[in-house]
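Listing of input.cif, mmCIF, C-alpha atoms
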```cif
data_target
loop_
_atom_site.group_PDB
_atom_site.id
_atom_site.type_symbol
_atom_site.label_atom_id
_atom_site.label_comp_id
_atom_site.auth_asym_id
_atom_site.auth_seq_id
_atom_site.Cartn_x
_atom_site.Cartn_y
_atom_site.Cartn_z
ATOM 1 C CA MET A 7 -42.722 25.630 -24.458
ATOM 2 C CA SER A 8 -44.107 22.335 -25.708
ATOM 3 C CA MET A 9 -45.305 19.690 -23.278
ATOM 4 C CA PHE A 10 -42.738 17.225 -24.681
ATOM 5 C CA PHE A 11 -39.897 19.681 -24.025
ATOM 6 C CA ARG A 12 -41.087 20.274 -20.465
ATOM 7 C CA ILE A 13 -41.200 16.548 -19.782
ATOM 8 C CA VAL A 14 -37.669 16.053 -21.147
ATOM 9 C CA CYS A 15 -36.349 18.952 -19.059
ATOM 10 C CA GLY A 16 -38.065 17.578 -15.980
ATOM 11 C CA VAL A 17 -36.528 14.152 -16.452
ATOM 12 C CA LEU A 18 -33.077 15.682 -16.936
ATOM 13 C CA LEU A 19 -33.487 17.828 -13.825
ATOM 14 C CA VAL A 20 -34.499 14.863 -11.695
ATOM 15 C CA THR A 21 -31.532 12.868 -12.998
ATOM 16 C CA LEU A 22 -29.086 15.669 -12.216
ATOM 17 C CA VAL A 23 -30.452 16.222 -8.729
ATOM 18 C CA HIS A 24 -30.860 12.634 -7.634
ATOM 19 C CA GLY A 25 -27.923 11.077 -9.471
ATOM 20 C CA ALA A 26 -27.852 7.534 -10.721
ATOM 21 C CA VAL A 27 -25.404 5.597 -8.563
ATOM 22 C CA PRO A 28 -25.830 1.908 -9.439
ATOM 23 C CA SER A 29 -27.596 -0.128 -6.797
ATOM 24 C CA SER A 30 -24.533 -2.402 -6.577
ATOM 25 C CA GLU A 31 -22.352 0.520 -5.458
ATOM 26 C CA ARG A 32 -24.878 1.674 -2.881
ATOM 27 C CA GLU A 33 -25.139 -1.906 -1.615
ATOM 28 C CA ALA A 34 -21.362 -2.000 -1.154
ATOM 29 C CA LEU A 35 -21.393 1.188 0.912
ATOM 30 C CA GLU A 36 -24.341 0.026 2.993
ATOM 31 C CA SER A 37 -22.544 -3.255 3.711
ATOM 32 C CA LEU A 38 -19.468 -1.350 4.845
ATOM 33 C CA TYR A 39 -21.627 0.771 7.156
ATOM 34 C CA ARG A 40 -23.332 -2.248 8.720
ATOM 35 C CA ASP A 41 -20.216 -4.415 9.027
ATOM 36 C CA THR A 42 -18.031 -1.707 10.599
ATOM 37 C CA ASP A 43 -20.483 -0.242 13.124
ATOM 38 C CA GLY A 44 -21.327 2.824 11.065
ATOM 39 C CA ALA A 45 -23.751 4.156 13.655
ATOM 40 C CA ASN A 46 -20.760 4.848 15.906
ATOM 41 C CA TRP A 47 -18.339 6.247 13.332
ATOM 42 C CA GLY A 48 -16.733 9.570 14.092
ATOM 43 C CA GLY A 49 -18.439 10.994 11.005
ATOM 44 C CA ASN A 50 -21.428 9.449 9.231
ATOM 45 C CA ASP A 51 -23.373 12.429 7.910
ATOM 46 C CA GLY A 52 -25.818 11.463 5.181
ATOM 47 C CA TRP A 53 -25.125 7.741 5.307
ATOM 48 C CA MET A 54 -28.010 5.368 4.578
ATOM 49 C CA LYS A 55 -30.172 8.283 3.369
ATOM 50 C CA GLY A 56 -30.944 8.828 -0.283
ATOM 51 C CA ASP A 57 -28.258 8.749 -2.938
ATOM 52 C CA PRO A 58 -24.615 8.524 -1.719
ATOM 53 C CA CYS A 59 -23.491 11.207 -4.161
ATOM 54 C CA VAL A 60 -26.371 13.696 -4.101
ATOM 55 C CA ASN A 61 -26.727 13.422 -0.315
ATOM 56 C CA ARG A 62 -22.953 13.722 0.084
ATOM 57 C CA TRP A 63 -22.355 10.799 2.366
ATOM 58 C CA PHE A 64 -19.424 11.564 4.635
ATOM 59 C CA GLY A 65 -16.112 10.426 3.142
ATOM 60 C CA VAL A 66 -17.654 9.556 -0.230
ATOM 61 C CA SER A 67 -16.648 11.399 -3.407
ATOM 62 C CA CYS A 68 -18.267 10.886 -6.801
ATOM 63 C CA ASN A 69 -17.604 11.727 -10.417
ATOM 64 C CA GLY A 70 -18.930 14.908 -11.976
ATOM 65 C CA GLY A 71 -22.201 13.360 -13.048
ATOM 66 C CA ASN A 72 -22.881 11.794 -9.643
ATOM 67 C CA THR A 73 -23.163 8.418 -11.334
ATOM 68 C CA HIS A 74 -20.298 6.548 -9.662
ATOM 69 C CA VAL A 75 -18.389 6.515 -6.372
ATOM 70 C CA VAL A 76 -14.725 7.277 -7.115
ATOM 71 C CA ASN A 77 -13.150 7.964 -3.698
ATOM 72 C CA LEU A 78 -13.753 6.548 -0.230
ATOM 73 C CA ASP A 79 -11.833 8.288 2.547
ATOM 74 C CA LEU A 80 -12.694 7.211 6.098
ATOM 75 C CA ASP A 81 -9.276 7.652 7.688
ATOM 76 C CA GLY A 82 -9.356 7.498 11.468
ATOM 77 C CA ASN A 83 -13.143 7.468 11.518
ATOM 78 C CA GLY A 84 -13.711 4.745 14.091
ATOM 79 C CA LEU A 85 -14.528 1.853 11.780
ATOM 80 C CA ASN A 86 -14.726 -1.368 13.799
ATOM 81 C CA GLY A 87 -15.446 -4.715 12.229
ATOM 82 C CA THR A 88 -14.637 -6.578 9.029
ATOM 83 C CA LEU A 89 -14.466 -5.465 5.422
ATOM 84 C CA PRO A 90 -17.401 -6.770 3.361
ATOM 85 C CA THR A 91 -16.834 -8.642 0.121
ATOM 86 C CA GLU A 92 -19.302 -6.255 -1.531
ATOM 87 C CA LEU A 93 -16.557 -3.611 -1.676
ATOM 88 C CA GLY A 94 -15.510 -5.238 -4.937
ATOM 89 C CA GLN A 95 -18.709 -3.817 -6.471
ATOM 90 C CA LEU A 96 -17.219 -0.312 -6.358
ATOM 91 C CA SER A 97 -15.842 -0.853 -9.834
ATOM 92 C CA LYS A 98 -15.083 2.822 -10.509
ATOM 93 C CA LEU A 99 -13.371 3.479 -7.187
ATOM 94 C CA SER A 100 -9.963 5.116 -7.566
ATOM 95 C CA ARG A 101 -8.925 5.687 -3.949
ATOM 96 C CA MET A 102 -9.844 3.837 -0.771
ATOM 97 C CA TYR A 103 -8.418 4.928 2.568
ATOM 98 C CA LEU A 104 -9.706 3.065 5.630
ATOM 99 C CA ASN A 105 -6.641 3.367 7.782
ATOM 100 C CA PHE A 106 -4.986 5.118 10.704
ATOM 101 C CA ASN A 107 -5.139 5.064 14.459
ATOM 102 C CA TYR A 108 -8.836 5.269 15.159
ATOM 103 C CA ASN A 109 -10.020 2.472 12.904
ATOM 104 C CA GLY A 110 -10.208 -1.076 14.243
ATOM 105 C CA LEU A 111 -10.670 -3.226 11.186
ATOM 106 C CA HIS A 112 -9.925 -6.926 11.590
ATOM 107 C CA GLY A 113 -10.359 -10.127 9.630
ATOM 108 C CA ASP A 114 -9.351 -10.726 6.025
ATOM 109 C CA ILE A 115 -8.803 -8.322 3.158
ATOM 110 C CA PRO A 116 -11.577 -9.270 0.692
ATOM 111 C CA SER A 117 -10.229 -10.802 -2.494
ATOM 112 C CA ASP A 118 -13.030 -8.999 -4.338
ATOM 113 C CA ILE A 119 -10.999 -5.786 -4.091
ATOM 114 C CA GLY A 120 -9.138 -7.171 -7.080
ATOM 115 C CA ASN A 121 -12.299 -6.458 -9.112
ATOM 116 C CA MET A 122 -11.764 -2.716 -8.724
ATOM 117 C CA GLU A 123 -10.419 -2.063 -12.188
ATOM 118 C CA ASN A 124 -9.863 1.657 -11.528
ATOM 119 C CA LEU A 125 -8.319 1.396 -8.066
ATOM 120 C CA GLN A 126 -5.100 3.426 -7.794
ATOM 121 C CA TYR A 127 -4.591 3.916 -4.054
ATOM 122 C CA LEU A 128 -5.387 1.335 -1.374
ATOM 123 C CA GLY A 129 -4.699 2.325 2.228
ATOM 124 C CA LEU A 130 -5.636 -0.159 4.954
ATOM 125 C CA TYR A 131 -2.698 0.391 7.263
ATOM 126 C CA ARG A 132 -2.632 0.623 11.058
ATOM 127 C CA ASN A 133 -5.530 -1.730 11.610
ATOM 128 C CA HIS A 134 -5.726 -5.306 12.920
ATOM 129 C CA LEU A 135 -6.221 -7.091 9.634
ATOM 130 C CA THR A 136 -5.252 -10.757 9.550
ATOM 131 C CA GLY A 137 -5.163 -13.313 6.785
ATOM 132 C CA THR A 138 -3.019 -12.949 3.702
ATOM 133 C CA ILE A 139 -2.451 -10.365 0.992
ATOM 134 C CA PRO A 140 -4.973 -11.414 -1.687
ATOM 135 C CA THR A 141 -3.403 -12.672 -4.887
ATOM 136 C CA GLU A 142 -6.342 -11.052 -6.680
ATOM 137 C CA LEU A 143 -4.787 -7.639 -6.078
ATOM 138 C CA GLY A 144 -2.647 -8.485 -9.081
ATOM 139 C CA GLU A 145 -5.765 -7.894 -11.203
ATOM 140 C CA ALA A 146 -6.131 -4.267 -10.054
ATOM 141 C CA SER A 147 -4.050 -3.169 -13.016
ATOM 142 C CA LYS A 148 -4.101 0.578 -12.232
ATOM 143 C CA LEU A 149 -2.941 0.206 -8.621
ATOM 144 C CA GLN A 150 -0.136 2.648 -7.784
ATOM 145 C CA TYR A 151 0.033 2.601 -3.983
ATOM 146 C CA LEU A 152 -0.430 -0.381 -1.665
ATOM 147 C CA GLY A 153 -0.431 0.523 2.033
ATOM 148 C CA LEU A 154 -0.963 -2.468 4.334
ATOM 149 C CA PHE A 155 1.638 -1.794 7.009
ATOM 150 C CA ARG A 156 1.168 -2.237 10.759
ATOM 151 C CA ASN A 157 -1.419 -4.979 10.580
ATOM 152 C CA GLU A 158 -1.257 -8.661 11.498
ATOM 153 C CA LEU A 159 -1.075 -10.107 8.008
ATOM 154 C CA HIS A 160 0.669 -13.428 7.421
ATOM 155 C CA GLY A 161 1.427 -15.637 4.465
ATOM 156 C CA THR A 162 3.689 -14.627 1.600
ATOM 157 C CA ILE A 163 4.054 -11.685 -0.751
ATOM 158 C CA PRO A 164 1.962 -12.630 -3.813
ATOM 159 C CA THR A 165 3.956 -13.060 -6.991
ATOM 160 C CA GLU A 166 0.945 -11.548 -8.765
ATOM 161 C CA LEU A 167 1.957 -8.092 -7.535
ATOM 162 C CA GLY A 168 4.635 -8.249 -10.207
ATOM 163 C CA LYS A 169 1.894 -7.733 -12.817
ATOM 164 C CA LEU A 170 1.123 -4.212 -11.589
ATOM 165 C CA LYS A 171 3.019 -1.984 -14.010
ATOM 166 C CA ALA A 172 1.747 1.277 -12.457
ATOM 167 C CA LEU A 173 2.723 0.354 -8.893
ATOM 168 C CA TRP A 174 5.238 2.778 -7.364
ATOM 169 C CA GLY A 175 4.887 2.013 -3.639
ATOM 170 C CA ILE A 176 4.590 -1.227 -1.635
ATOM 171 C CA TYR A 177 4.276 -0.608 2.106
ATOM 172 C CA ILE A 178 3.819 -3.874 4.000
ATOM 173 C CA TYR A 179 6.155 -3.419 6.959
ATOM 174 C CA GLN A 180 5.405 -4.548 10.523
ATOM 175 C CA ASN A 181 3.291 -7.580 9.715
ATOM 176 C CA ASN A 182 3.933 -11.321 10.059
ATOM 177 C CA ILE A 183 4.701 -11.999 6.407
ATOM 178 C CA THR A 184 6.905 -15.013 5.675
ATOM 179 C CA GLY A 185 8.563 -16.613 2.674
ATOM 180 C CA SER A 186 10.883 -15.065 0.139
ATOM 181 C CA ILE A 187 10.755 -11.787 -1.754
ATOM 182 C CA PRO A 188 9.255 -12.634 -5.170
ATOM 183 C CA SER A 189 11.619 -12.118 -8.061
ATOM 184 C CA GLU A 190 8.537 -11.005 -10.023
ATOM 185 C CA LEU A 191 8.681 -7.656 -8.230
ATOM 186 C CA GLY A 192 11.533 -6.884 -10.612
ATOM 187 C CA ASN A 193 8.844 -6.426 -13.274
ATOM 188 C CA ASN A 194 7.353 -3.396 -11.496
ATOM 189 C CA HIS A 195 9.427 -0.886 -13.447
ATOM 190 C CA ASN A 196 7.806 2.135 -11.751
ATOM 191 C CA LEU A 197 8.450 0.825 -8.242
ATOM 192 C CA ALA A 198 10.173 3.552 -6.219
ATOM 193 C CA ALA A 199 9.588 2.319 -2.654
ATOM 194 C CA LEU A 200 9.599 -1.170 -1.161
ATOM 195 C CA TRP A 201 9.031 -1.171 2.604
ATOM 196 C CA ALA A 202 8.915 -4.759 3.850
ATOM 197 C CA ASP A 203 10.903 -4.485 7.075
ATOM 198 C CA ASN A 204 9.959 -6.053 10.410
ATOM 199 C CA ASN A 205 8.417 -9.200 8.991
ATOM 200 C CA HIS A 206 9.701 -12.787 8.824
ATOM 201 C CA LEU A 207 10.997 -12.799 5.263
ATOM 202 C CA SER A 208 13.665 -15.364 4.441
ATOM 203 C CA GLY A 209 15.812 -16.462 1.533
ATOM 204 C CA ASN A 210 17.951 -14.280 -0.711
ATOM 205 C CA ILE A 211 17.344 -10.766 -1.951
ATOM 206 C CA PRO A 212 16.375 -11.355 -5.603
ATOM 207 C CA SER A 213 18.812 -9.932 -8.120
ATOM 208 C CA GLU A 214 15.807 -8.992 -10.275
ATOM 209 C CA LEU A 215 15.249 -5.976 -8.003
ATOM 210 C CA GLY A 216 18.269 -4.550 -9.790
ATOM 211 C CA ARG A 217 16.043 -3.928 -12.822
ATOM 212 C CA LEU A 218 14.160 -1.238 -10.919
ATOM 213 C CA SER A 219 15.773 1.983 -12.065
ATOM 214 C CA GLU A 220 13.303 4.092 -10.041
ATOM 215 C CA LEU A 221 13.790 2.243 -6.749
ATOM 216 C CA SER A 222 15.053 4.824 -4.264
ATOM 217 C CA ILE A 223 13.725 3.428 -0.963
ATOM 218 C CA LEU A 224 14.475 -0.149 0.087
ATOM 219 C CA TYR A 225 13.648 -1.229 3.639
ATOM 220 C CA LEU A 226 14.249 -4.943 4.236
ATOM 221 C CA ASN A 227 15.680 -4.733 7.730
ATOM 222 C CA ASN A 228 14.633 -6.909 10.667
ATOM 223 C CA ASN A 229 13.888 -10.021 8.675
ATOM 224 C CA GLN A 230 15.652 -13.360 8.223
ATOM 225 C CA LEU A 231 17.264 -12.740 4.850
ATOM 226 C CA LYS A 232 20.491 -14.500 3.939
ATOM 227 C CA GLY A 233 23.019 -14.614 1.126
ATOM 228 C CA SER A 234 24.890 -11.678 -0.341
ATOM 229 C CA ILE A 235 23.687 -8.266 -1.489
ATOM 230 C CA PRO A 236 23.068 -8.593 -5.245
ATOM 231 C CA THR A 237 25.538 -6.556 -7.270
ATOM 232 C CA GLU A 238 22.661 -5.665 -9.613
ATOM 233 C CA LEU A 239 21.184 -3.391 -6.944
ATOM 234 C CA GLY A 240 24.055 -0.962 -7.479
ATOM 235 C CA GLN A 241 23.337 -0.310 -11.150
ATOM 236 C CA TYR A 242 21.335 2.864 -10.629
ATOM 237 C CA SER A 243 22.010 6.087 -8.764
ATOM 238 C CA ALA A 244 18.407 6.356 -7.549
ATOM 239 C CA ARG A 245 19.149 4.440 -4.327
ATOM 240 C CA GLN A 246 18.673 6.892 -1.469
ATOM 241 C CA TYR A 247 17.528 4.842 1.510
ATOM 242 C CA PHE A 248 19.075 1.405 1.886
ATOM 243 C CA TYR A 249 18.221 -0.488 5.071
ATOM 244 C CA LEU A 250 19.232 -4.149 5.420
ATOM 245 C CA HIS A 251 20.263 -4.343 9.065
ATOM 246 C CA GLU A 252 19.236 -7.122 11.459
ATOM 247 C CA ASN A 253 19.337 -9.985 8.940
ATOM 248 C CA SER A 254 21.759 -12.844 8.238
ATOM 249 C CA LEU A 255 23.315 -11.459 5.070
ATOM 250 C CA ASP A 256 26.902 -12.456 4.357
ATOM 251 C CA GLY A 257 29.673 -12.105 1.791
ATOM 252 C CA ILE A 258 31.351 -8.807 0.921
ATOM 253 C CA ALA A 259 29.203 -5.685 1.277
ATOM 254 C CA PRO A 260 29.528 -3.613 -1.925
ATOM 255 C CA GLU A 261 31.197 -0.200 -1.966
ATOM 256 C CA TRP A 262 28.281 1.471 -3.754
ATOM 257 C CA ILE A 263 26.306 1.404 -0.493
ATOM 258 C CA CYS A 264 28.316 4.488 0.465
ATOM 259 C CA ASP A 265 26.563 6.433 -2.309
ATOM 260 C CA SER A 266 23.194 6.106 -0.569
ATOM 261 C CA LEU A 267 21.809 9.069 1.324
ATOM 262 C CA LEU A 268 20.938 6.917 4.339
ATOM 263 C CA TYR A 269 21.978 3.312 4.899
ATOM 264 C CA ASN A 270 22.256 0.651 7.561
ATOM 265 C CA ILE A 271 23.708 -2.822 6.999
ATOM 266 C CA SER A 272 24.720 -3.489 10.597
ATOM 267 C CA ASN A 273 24.081 -6.726 12.495
ATOM 268 C CA ASN A 274 24.592 -9.082 9.576
ATOM 269 C CA LEU A 275 27.354 -11.581 8.815
ATOM 270 C CA PHE A 276 29.413 -9.636 6.278
ATOM 271 C CA SER A 277 33.094 -10.412 5.799
ATOM 272 C CA CYS A 278 35.846 -7.845 6.224
ATOM 273 C CA PRO A 279 36.605 -5.408 4.802
ATOM 274 C CA LEU A 280 33.421 -3.400 4.919
ATOM 275 C CA PRO A 281 32.814 -0.488 2.522
ATOM 276 C CA SER A 282 34.997 2.587 3.035
ATOM 277 C CA CYS A 283 32.168 4.600 4.571
ATOM 278 C CA CYS A 284 31.782 2.102 7.415
ATOM 279 C CA SER A 285 33.499 2.855 10.688
ATOM 280 C CA THR A 286 36.398 0.587 11.631
ATOM 281 C CA GLU A 287 38.454 0.131 14.744
ATOM 282 C CA ASP A 288 41.801 -1.623 14.564
ATOM 283 C CA THR A 289 41.304 -4.678 12.328
ATOM 284 C CA ARG A 290 37.768 -5.485 13.368
ATOM 285 C CA CYS A 291 34.717 -4.868 11.198
ATOM 286 C CA GLN A 292 32.288 -2.508 12.875
ATOM 287 C CA PRO A 293 28.568 -1.921 12.317
ATOM 288 C CA CYS A 294 27.927 0.024 9.143
ATOM 289 C CA TYR A 295 25.193 2.621 9.179
ATOM 290 C CA PHE A 296 24.514 6.248 8.436
ATOM 291 C CA ASN A 297 21.167 7.386 9.794
ATOM 292 C CA VAL A 298 21.642 11.129 9.526
ATOM 293 C CA ALA A 299 21.119 12.757 6.157
ATOM 294 C CA LYS A 300 24.306 13.791 4.385
ATOM 295 C CA GLU A 301 24.943 17.443 3.644
#
```

Please render this file's structure as structure tokens.
Amino acid sequence: MSMFFRIVCGVLLVTLVHGAVPSSEREALESLYRDTDGANWGGNDGWMKGDPCVNRWFGVSCNGGNTHVVNLDLDGNGLNGTLPTELGQLSKLSRMYLNFNYNGLHGDIPSDIGNMENLQYLGLYRNHLTGTIPTELGEASKLQYLGLFRNELHGTIPTELGKLKALWGIYIYQNNITGSIPSELGNNHNLAALWADNNHLSGNIPSELGRLSELSILYLNNNQLKGSIPTELGQYSARQYFYLHENSLDGIAPEWICDSLLYNISNNLFSCPLPSCCSTEDTRCQPCYFNVAKE
């Protein structure tokens, strides 16, 4: 074996063993460790030692060549602190889950997350995050799932989310979000679930949501919505879960609500008569809901 061949093989072996994660990605992970009290995480095996991929840092997954971080899963791992802006340097990251009961993240969601061009799943729910939903998330063009529920977020729903053609799930319930529901969400043609209940949303339900042929789950209850239920929402048979109770909606409630698997439109200001599936007593309109799955 020639000396040149041995040198080439040695270089290749070192590369395969040690990986080549860019320094910017390692810096992002190190910042997360420092800013969220990594020394006291529930699991932190390997962190801050060697290469994140080769040393198999806890919760970190990499591509086959160990050259990029692609998944970050630290669910319920005891993260306490704020999210660093350096997270945006994880440009190849596909999934990031930093949620659930045992994490205590607070502060803002870094706008730099919008730089993650490969991000598909973002789970930051059940924390204590404040601030607003970054408009820059509209630049994460591959985003499919947005889970920000049970935080303390305020501000409005960014119209920029309407640019996310791959998005199938928006879960932002139980926050302090105000303003109206953007009509631009009607451009998310893959959207199957919109959970925005228990906020402070106001204004009308946009008729543009009627464009969403895949929308099967709509939770807008416990807000301050007004106006009538758009007739356009009844165009498709995909509607399975339809919850609009505890608002100030008025007008005539449409009959097609009865085709939903589960529904609740009670405690609004609808005129009589209610749809045929709603209970009635004498001539009075009664609350309309069906919270038990149909046979």

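The space separating CA of Asn196 in chain A from CA of Glu220 in chain A comes to 6.1 Å.
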
Residues near Ala199 in chain A, cut-off 12 Å, all atoms listed in the file, skip fewer than 3 positions along chain, as a PyMOL selection string: chain A and resi 150-153+173-179+191+194-196+202-203+215+218-226+244-249

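Counting all atoms listed in the file and comparing A:Leu89, A:Leu154, A:Ile139, A:Val75, the residue that lies closest to Leu125 in chain A is A:Val75.
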
Find the residues of range 243-267 of chain A that sit at most 9 Å from range 271-284 of chain A; for each, write down the nearest two atoms and how far apart they are in Å, to one decimal. Count only C-alpha atoms. Sort by chain, then by number going up, and give it as CSV.
```
residue,atom,partner,partner_atom,distance
A:Phe248,CA,A:Ile271,CA,8.1
A:Tyr249,CA,A:Ile271,CA,6.3
A:Leu250,CA,A:Ile271,CA,4.9
A:His251,CA,A:Ile271,CA,4.3
A:Glu252,CA,A:Asn273,CA,5.0
A:Asn253,CA,A:Asn274,CA,5.4
A:Ser254,CA,A:Asn274,CA,4.9
A:Leu255,CA,A:Asn274,CA,5.3
A:Asp256,CA,A:Phe276,CA,4.2
A:Gly257,CA,A:Phe276,CA,5.1
A:Ile258,CA,A:Ser277,CA,5.4
A:Ala259,CA,A:Leu280,CA,6.0
A:Pro260,CA,A:Pro281,CA,6.4
A:Glu261,CA,A:Pro281,CA,4.8
A:Trp262,CA,A:Pro281,CA,8.0
A:Ile263,CA,A:Pro281,CA,7.4
A:Cys264,CA,A:Cys283,CA,5.6
```

Give me, as a PyMOL selection string, all polymer residues having an atom no more than 6 Å from Arg101 in chain A, counting all atoms listed in the file and skipping those fewer than 2 positions away in the same chain. chain A and resi 77+99+125-127

Store the residues picked out above in a file with C-alpha atoms, as a short mmCIF file (atom, residue, chain, number, x, y, z; two decimals), in the coordinates of the input.
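The file below, part.cif, is the result:
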```
data_model
loop_
_atom_site.label_atom_id
_atom_site.label_comp_id
_atom_site.auth_asym_id
_atom_site.auth_seq_id
_atom_site.Cartn_x
_atom_site.Cartn_y
_atom_site.Cartn_z
CA ASN A 77 -13.15 7.96 -3.70
CA LEU A 99 -13.37 3.48 -7.19
CA LEU A 125 -8.32 1.40 -8.07
CA GLN A 126 -5.10 3.43 -7.79
CA TYR A 127 -4.59 3.92 -4.05
#
```

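Take CA of Asn72 in chain A and CA of Asp41 in chain A: the distance between them is 24.9 Å.
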
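Across A:Leu128, A:Leu104, A:Ile211, A:Ala172, the tightest approach to Asn193 in chain A is made by A:Ala172 when counting all atoms listed in the file.
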
Which residues fall under the PyMOL selection byres ((chain A and resi 83) around 8) in this file, as a PyMOL selection string? chain A and resi 47-49+80-82+84-85+108-109

Based on the selection just made, write C-alpha atoms of those residues as a PDB file, in the coordinates of the input.
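Final output, again-v7.pdb:
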```pdb
ATOM      1  CA  TRP A  47     -18.339   6.247  13.332  1.00  0.00           C
ATOM      2  CA  GLY A  48     -16.733   9.570  14.092  1.00  0.00           C
ATOM      3  CA  GLY A  49     -18.439  10.994  11.005  1.00  0.00           C
ATOM      4  CA  LEU A  80     -12.694   7.211   6.098  1.00  0.00           C
ATOM      5  CA  ASP A  81      -9.276   7.652   7.688  1.00  0.00           C
ATOM      6  CA  GLY A  82      -9.356   7.498  11.468  1.00  0.00           C
ATOM      7  CA  GLY A  84     -13.711   4.745  14.091  1.00  0.00           C
ATOM      8  CA  LEU A  85     -14.528   1.853  11.780  1.00  0.00           C
ATOM      9  CA  TYR A 108      -8.836   5.269  15.159  1.00  0.00           C
ATOM     10  CA  ASN A 109     -10.020   2.472  12.904  1.00  0.00           C
TER      11      ASN A 109
END
```

Around (-24.2, 8.7, 5.5) in the file's own coordinates, what residues are found within 9 Å if you use only C-alpha atoms, given back as a PyMOL selection string? chain A and resi 39+44+49-56+58+61-66

Some atoms are absent from range 62-79 of chain A, so rebuild N, CA and C atoms and return them as a PDB file, keeping the file's coordinate frame.
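The resulting rebuild11.pdb:
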```
ATOM      1  N   ARG A  62     -24.311  13.479  -0.406  1.00  0.00           N
ATOM      2  CA  ARG A  62     -22.953  13.722   0.084  1.00  0.00           C
ATOM      3  C   ARG A  62     -22.635  12.941   1.358  1.00  0.00           C
ATOM      4  N   TRP A  63     -22.715  11.649   1.230  1.00  0.00           N
ATOM      5  CA  TRP A  63     -22.355  10.799   2.366  1.00  0.00           C
ATOM      6  C   TRP A  63     -20.922  11.108   2.795  1.00  0.00           C
ATOM      7  N   PHE A  64     -20.727  11.207   4.077  1.00  0.00           N
ATOM      8  CA  PHE A  64     -19.424  11.564   4.635  1.00  0.00           C
ATOM      9  C   PHE A  64     -18.335  10.627   4.116  1.00  0.00           C
ATOM     10  N   GLY A  65     -17.250  11.212   3.605  1.00  0.00           N
ATOM     11  CA  GLY A  65     -16.112  10.426   3.142  1.00  0.00           C
ATOM     12  C   GLY A  65     -16.249   9.854   1.750  1.00  0.00           C
ATOM     13  N   VAL A  66     -17.399  10.097   1.112  1.00  0.00           N
ATOM     14  CA  VAL A  66     -17.654   9.556  -0.230  1.00  0.00           C
ATOM     15  C   VAL A  66     -17.541  10.676  -1.253  1.00  0.00           C
ATOM     16  N   SER A  67     -16.747  10.455  -2.298  1.00  0.00           N
ATOM     17  CA  SER A  67     -16.648  11.399  -3.407  1.00  0.00           C
ATOM     18  C   SER A  67     -17.084  10.694  -4.684  1.00  0.00           C
ATOM     19  N   CYS A  68     -17.710  11.462  -5.575  1.00  0.00           N
ATOM     20  CA  CYS A  68     -18.267  10.886  -6.801  1.00  0.00           C
ATOM     21  C   CYS A  68     -17.744  11.626  -8.024  1.00  0.00           C
ATOM     22  N   ASN A  69     -17.997  11.060  -9.183  1.00  0.00           N
ATOM     23  CA  ASN A  69     -17.604  11.727 -10.417  1.00  0.00           C
ATOM     24  C   ASN A  69     -18.509  12.920 -10.681  1.00  0.00           C
ATOM     25  N   GLY A  70     -18.198  13.673 -11.719  1.00  0.00           N
ATOM     26  CA  GLY A  70     -18.930  14.908 -11.976  1.00  0.00           C
ATOM     27  C   GLY A  70     -20.403  14.727 -12.223  1.00  0.00           C
ATOM     28  N   GLY A  71     -20.792  13.594 -12.775  1.00  0.00           N
ATOM     29  CA  GLY A  71     -22.201  13.360 -13.048  1.00  0.00           C
ATOM     30  C   GLY A  71     -22.954  12.684 -11.929  1.00  0.00           C
ATOM     31  N   ASN A  72     -22.264  12.481 -10.788  1.00  0.00           N
ATOM     32  CA  ASN A  72     -22.881  11.794  -9.643  1.00  0.00           C
ATOM     33  C   ASN A  72     -23.422  10.418 -10.020  1.00  0.00           C
ATOM     34  N   THR A  73     -22.704   9.734 -10.891  1.00  0.00           N
ATOM     35  CA  THR A  73     -23.163   8.418 -11.334  1.00  0.00           C
ATOM     36  C   THR A  73     -22.318   7.274 -10.784  1.00  0.00           C
ATOM     37  N   HIS A  74     -21.159   7.594 -10.212  1.00  0.00           N
ATOM     38  CA  HIS A  74     -20.298   6.548  -9.662  1.00  0.00           C
ATOM     39  C   HIS A  74     -19.512   7.082  -8.467  1.00  0.00           C
ATOM     40  N   VAL A  75     -19.263   6.207  -7.506  1.00  0.00           N
ATOM     41  CA  VAL A  75     -18.389   6.515  -6.372  1.00  0.00           C
ATOM     42  C   VAL A  75     -16.946   6.323  -6.832  1.00  0.00           C
ATOM     43  N   VAL A  76     -16.116   7.360  -6.646  1.00  0.00           N
ATOM     44  CA  VAL A  76     -14.725   7.277  -7.115  1.00  0.00           C
ATOM     45  C   VAL A  76     -13.704   7.341  -5.982  1.00  0.00           C
ATOM     46  N   ASN A  77     -14.069   7.904  -4.842  1.00  0.00           N
ATOM     47  CA  ASN A  77     -13.150   7.964  -3.698  1.00  0.00           C
ATOM     48  C   ASN A  77     -13.897   7.610  -2.418  1.00  0.00           C
ATOM     49  N   LEU A  78     -13.197   6.895  -1.540  1.00  0.00           N
ATOM     50  CA  LEU A  78     -13.753   6.548  -0.230  1.00  0.00           C
ATOM     51  C   LEU A  78     -12.669   6.805   0.799  1.00  0.00           C
ATOM     52  N   ASP A  79     -12.847   7.855   1.591  1.00  0.00           N
ATOM     53  CA  ASP A  79     -11.833   8.288   2.547  1.00  0.00           C
ATOM     54  C   ASP A  79     -12.449   8.335   3.942  1.00  0.00           C
TER      55      ASP A  79
END
```
